[in-house]
Each structure stands twice: as C-alpha cells, then as structure tokens.
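Chemist: Sharing a structure here in structure tokens format.
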Amino acid sequence: MEHLETKILVVVNPISGDINKEPVIQKIKGAVSKKTDLKFYKTTGREDYKTLKELQADVQPDRILVVGGDGTVKLIAECFKNNNPTIGIIPCGSSNGLATDLAIPSNVDEAIQIALGNTFQNVDSLCINNSLGLHISDLGINAELIEHYSNSTVRGHFGYALNSIPTLLNTNAPYKFHIKTEENELSTTGIMLAFANSNKFGTGAIVNPTGKIDDGKFEILVFKKLDVANIIKILLGEVQLDPNFVEVIQTTGATVTTDKPVPFQVDGEPYGSIQSVEVAIQPNTLKIAVG
Ligand SMILES: Nc1ncnc2c1ncn2[C@@H]1O[C@H](COP(=O)(O)OP(=O)(O)OP(=O)(O)O)[C@@H](O)[C@H]1O
C-alpha cells in the first residue's frame, strides 16, 4: 500500500461497539509497508487523554488511525488538534456519526485502505461549552436516551433500543429553548434541540440552497414532535426537512438557554443536565482521510 508517512499511531478502543478488535489490528498490520513504524495504543477509559498527550510527544505520529466510535474519534481530535496529523477512521463503534458523514465505509478492509490513503478532507468542529463537538450534540430527548444507555451494561444498538423505552415514557419534554445567535434572537418549544456540524444540513435544498460544503457554519435544529424514526432519518440526512417538524437555524455562533435543566450530550457522550450552552464554529480543525 502506498503512503508517505512512516510513523502511524493506531488508537484502539477495545470495548466500542461490542466488536472484537483483534482481527482489525491484524488487518492493519497486514496493510502497512514493512518500513512503517506502527504503534498501538488501547484505550482504558481512564486518563486516555493524558497518556495520548505523552505518546504524542514521544512518537510524534504523522498519521493516527482510530479504531472505535465517535467518542474515540473525539478523544483523538481533542488530543491532537494542535498537531494537525492526518486522521484515518476505521468505524468500530455503536455510533459512527462522523465516519457516516464523511462516507467512510463500515467494511473494515475498505476503511483501512481509505484511512491509509492520500485523499483528505478538512473538517470543522464546534466549541460547545469548551468541549469539542464533531458530529451532533443535543439538548433534550436524545441526550436522555444516551444518558440511560451509558448507565447500562448492555452495549450496541440493541442495548440502545431496549433502554430507550423507559426514557421515552418518563421524559420531561417538551422544553422551552431561548436561542440567541449573532443574527437573531428567538424562543421556541421542542422535544430536542440539536447542534449539527454536518454539511448534510448546510447543503440541503430547503435549508440553504446556495450553501457550500466548507462554509464555516453549523445548524441548530429544533425538533417539535416526538417521532423518533423521523428524527433519526433527518439526522442521517435521509429525508427533506419539513418546517412543521423541524426548525433550522444556520449560524456561526449561538447561546441557548432553557427554563429548566435539560439533558445534554456531545457526540454521544452524556454531559448531565444543563440550562445554558454556548456554541461556536471552529473552521478546519481536523484533516481526515476520506474515500
Ligand atoms: N478499555 C475501556 N474500558 C471501558 N471503557 C472504555 C475503554 N476504552 C474506552 N472506553 C470508553 O469508551 C467510550 C467511547 O466509545 P466510542 O464512542 O468510541 O464507541 P461506542 O461503541 O460508540 O461507544 P458508546 O456506545 O459508549 O457511544 C468512552 O466513554 C470511553 O471512556
């Protein structure tokens, strides 16, 4: 396989998506040239940020391969955002939102080829209450689901579905959101407010007919009704946006406040319940290998 770098750090989340990573590790070993200095780091879920920072100083990798889900990609983005190495994603999580946005295949062999390849895309990130957001963050019902899911011992989609049932029955939704952007100020009610750092919404015909992929903007989506299937389809970019169902605001920075504490999540990680979120776009934070 052709690639220019010699130092590759592979960060493996052993538990993500309930997938055995050993075959993936063997495939990566088989895909790189003999000259490649290949280092592996398995996340522990504790102090990974600190250890990876030390590894960065030690190894100074040209490329980092992430074998995990959104949470692991985010960990890498936070650790290495100032060093700007190329990041290759081999999607192995129960949620692989950023990989899906970038059309990185779930097939391991194909993903490894792309992760080691030389086609790149710069990706914007969001600064959300001083945390890094790469894909979708939200206040409301989805964050409630994620909170329940993260407290459970069951991993994977099936666990997600099982745990969603009690949450949907006990929800405090709808919530009142006060949204202040650089351009506008409004109050609205919904079951969920999402911050989406995905070009799907920015380039969609209804949201922004003239939008470009790297326009340095993000979207606030306020979902009005509890229709989980439709919400998921919209977040996956599979259906046109119906303004009666979802309100969309495109901006570069916003503050959202609520009347009561609302569960909050950033890229699939629960952040407890909060009443105020500040969000700003950070253009071109990451360089990711794509197909
Ligand atoms: N060795 C480990 N043991 C337990 N937890 C770990 C370990 N390594 C990483 N983690 C946890 O895994 C989470 C990130 O998982 P990631 O998003 O990559 O995969 P996922 O299957 O999509 O995860 P999730 O289902 O929790 O969203 C973080 O919460 C991190 O603390």
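Every chain in the structure tokens has a letter given in the order shown (A, B, ...), and although residue numbers restart at 1 in each chain, ligands are simply numbered from 1 in the order shown.
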Could you please write out, as a ChimeraX atom specification, every residue of region 233-274 of chain A that DSSP assigns to strand (DSSP E)?

Modeler: /A:246-251,253-266,269-274

Chemist: Find the residues near ligand 1. Use a cut-off of 7 Å, count only C-alpha atoms and all ligand atoms, and write them as a PyMOL selection string.

Modeler: chain A and resi 13-18+42-46+68-73+92-96+150+155-156+268-269

Chemist: Write out as a list in words each polymer residue whose atoms come within 10 Å of region 228-231 of chain A, counting only C-alpha atoms; drop sequence neighbours fewer than 3 positions from it.

Modeler: Ile141, Asn142, Leu168, Met192, Phe223, Lys224, Lys225, Ile234, Leu235, Leu236, Gly237, Glu238, Val239, Leu241, Phe245 and Val246 of chain A

Chemist: Only N, CA and C atoms, please: the residues just picked out, written as a PDB file, in the first residue's frame.

Modeler:
```
ATOM      1  N   ILE A 141     -34.410  15.009  24.296  1.00  0.00           N
ATOM      2  CA  ILE A 141     -34.788  13.599  24.340  1.00  0.00           C
ATOM      3  C   ILE A 141     -33.652  12.638  23.942  1.00  0.00           C
ATOM      4  N   ASN A 142     -32.867  13.010  22.938  1.00  0.00           N
ATOM      5  CA  ASN A 142     -31.786  12.113  22.520  1.00  0.00           C
ATOM      6  C   ASN A 142     -30.708  12.020  23.600  1.00  0.00           C
ATOM      7  N   LEU A 168     -38.381   7.177  27.049  1.00  0.00           N
ATOM      8  CA  LEU A 168     -39.453   7.818  26.298  1.00  0.00           C
ATOM      9  C   LEU A 168     -40.723   7.949  27.143  1.00  0.00           C
ATOM     10  N   MET A 192     -36.392  18.483  21.444  1.00  0.00           N
ATOM     11  CA  MET A 192     -34.940  18.313  21.314  1.00  0.00           C
ATOM     12  C   MET A 192     -34.377  19.440  20.472  1.00  0.00           C
ATOM     13  N   PHE A 223     -36.437  20.130  17.061  1.00  0.00           N
ATOM     14  CA  PHE A 223     -37.461  19.146  16.702  1.00  0.00           C
ATOM     15  C   PHE A 223     -38.700  19.392  17.561  1.00  0.00           C
ATOM     16  N   LYS A 224     -39.844  19.461  16.900  1.00  0.00           N
ATOM     17  CA  LYS A 224     -41.093  19.839  17.579  1.00  0.00           C
ATOM     18  C   LYS A 224     -41.826  18.650  18.179  1.00  0.00           C
ATOM     19  N   LYS A 225     -41.784  17.518  17.466  1.00  0.00           N
ATOM     20  CA  LYS A 225     -42.633  16.388  17.855  1.00  0.00           C
ATOM     21  C   LYS A 225     -41.806  15.147  18.156  1.00  0.00           C
ATOM     22  N   ILE A 234     -33.875  12.370   9.686  1.00  0.00           N
ATOM     23  CA  ILE A 234     -33.388  13.734   9.423  1.00  0.00           C
ATOM     24  C   ILE A 234     -31.918  13.850   9.800  1.00  0.00           C
ATOM     25  N   LEU A 235     -31.558  13.306  10.983  1.00  0.00           N
ATOM     26  CA  LEU A 235     -30.162  13.395  11.414  1.00  0.00           C
ATOM     27  C   LEU A 235     -29.244  12.611  10.485  1.00  0.00           C
ATOM     28  N   LEU A 236     -29.769  11.588   9.843  1.00  0.00           N
ATOM     29  CA  LEU A 236     -28.972  10.828   8.875  1.00  0.00           C
ATOM     30  C   LEU A 236     -29.017  11.475   7.494  1.00  0.00           C
ATOM     31  N   GLY A 237     -29.769  12.544   7.363  1.00  0.00           N
ATOM     32  CA  GLY A 237     -29.844  13.258   6.083  1.00  0.00           C
ATOM     33  C   GLY A 237     -30.637  12.505   5.032  1.00  0.00           C
ATOM     34  N   GLU A 238     -31.562  11.651   5.480  1.00  0.00           N
ATOM     35  CA  GLU A 238     -32.269  10.795   4.516  1.00  0.00           C
ATOM     36  C   GLU A 238     -33.585  11.385   4.012  1.00  0.00           C
ATOM     37  N   VAL A 239     -34.101  12.385   4.710  1.00  0.00           N
ATOM     38  CA  VAL A 239     -35.372  12.964   4.266  1.00  0.00           C
ATOM     39  C   VAL A 239     -35.262  14.487   4.179  1.00  0.00           C
ATOM     40  N   LEU A 241     -36.336  18.291   4.918  1.00  0.00           N
ATOM     41  CA  LEU A 241     -36.746  18.865   6.194  1.00  0.00           C
ATOM     42  C   LEU A 241     -38.114  19.528   6.083  1.00  0.00           C
ATOM     43  N   PHE A 245     -42.053  20.148  11.348  1.00  0.00           N
ATOM     44  CA  PHE A 245     -41.481  19.122  12.211  1.00  0.00           C
ATOM     45  C   PHE A 245     -40.148  19.562  12.811  1.00  0.00           C
ATOM     46  N   VAL A 246     -39.348  20.271  12.012  1.00  0.00           N
ATOM     47  CA  VAL A 246     -38.040  20.725  12.490  1.00  0.00           C
ATOM     48  C   VAL A 246     -37.754  22.144  12.005  1.00  0.00           C
TER      49      VAL A 246
END
```

Chemist: Looking only at alpha helix (DSSP H) from DSSP on the backbone, list the matching residues of region 6-204 of chain A as a PyMOL selection string.

Modeler: chain A and resi 22-31+48-59+70-80+97-101+108-115+141-150+156-170+199-203

Chemist: Measuring atom to atom with only C-alpha atoms, identify which of A:Val123, A:Leu38, A:Ile128, A:Ile191 is nearest to Val279 (chain A).

Modeler: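 So, comparing all the options, the nearest one is A:Ile128.
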
Chemist: Out of A:Asn151, A:Ile288, A:Pro166, A:Asp138, which residue has the shortest atom-to-atom distance to Val222 (chain A) when counting only C-alpha atoms?

Modeler: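 Nearest to Val222 (chain A): A:Asp138.
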
Chemist: Would you mind telling me which residue in A:Asn122, A:Asn184, A:Asn170, A:Thr257 lies nearest to Glu278 (chain A) when using only C-alpha atoms?

Modeler: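 Ranked by minimum distance to Glu278 (chain A), first place goes to A:Thr257.
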
Chemist: Of the candidates A:Leu126, A:Ile25, A:Val59, A:Ala111, which one gets nearest to Ala289 (chain A) if we count only C-alpha atoms?

Modeler: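 Smallest distance to Ala289 (chain A) is found for A:Ala111.
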
Chemist: Go ahead and compute the interatomic distance for CA of Thr181 (chain A) and CA of Ile249 (chain A), in Å to one decimal.

Modeler: 8.9 Å

Chemist: Measuring atom to atom with only C-alpha atoms, identify which of A:Asn20, A:Thr258, A:Asn84, A:Gln250 is nearest to Lys176 (chain A).

Modeler: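 Nearest candidate to Lys176 (chain A) out of A:Asn20, A:Thr258, A:Asn84, A:Gln250: A:Thr258.
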
Chemist: Between A:Ala57, A:Val12, A:Ala254, A:Ala31, which residue has the minimum interatomic distance to Leu75 (chain A), considering only C-alpha atoms?

Modeler: A:Val12

Chemist: Residues at most 8 Å from Gly140 (chain A), counting only C-alpha atoms, excluding those fewer than 4 positions away in the same chain, as a list in words?

Modeler: Glu144, Ala173, Tyr175, Ile191, Met192, Leu193, Val262, Pro263 and Phe264 of chain A
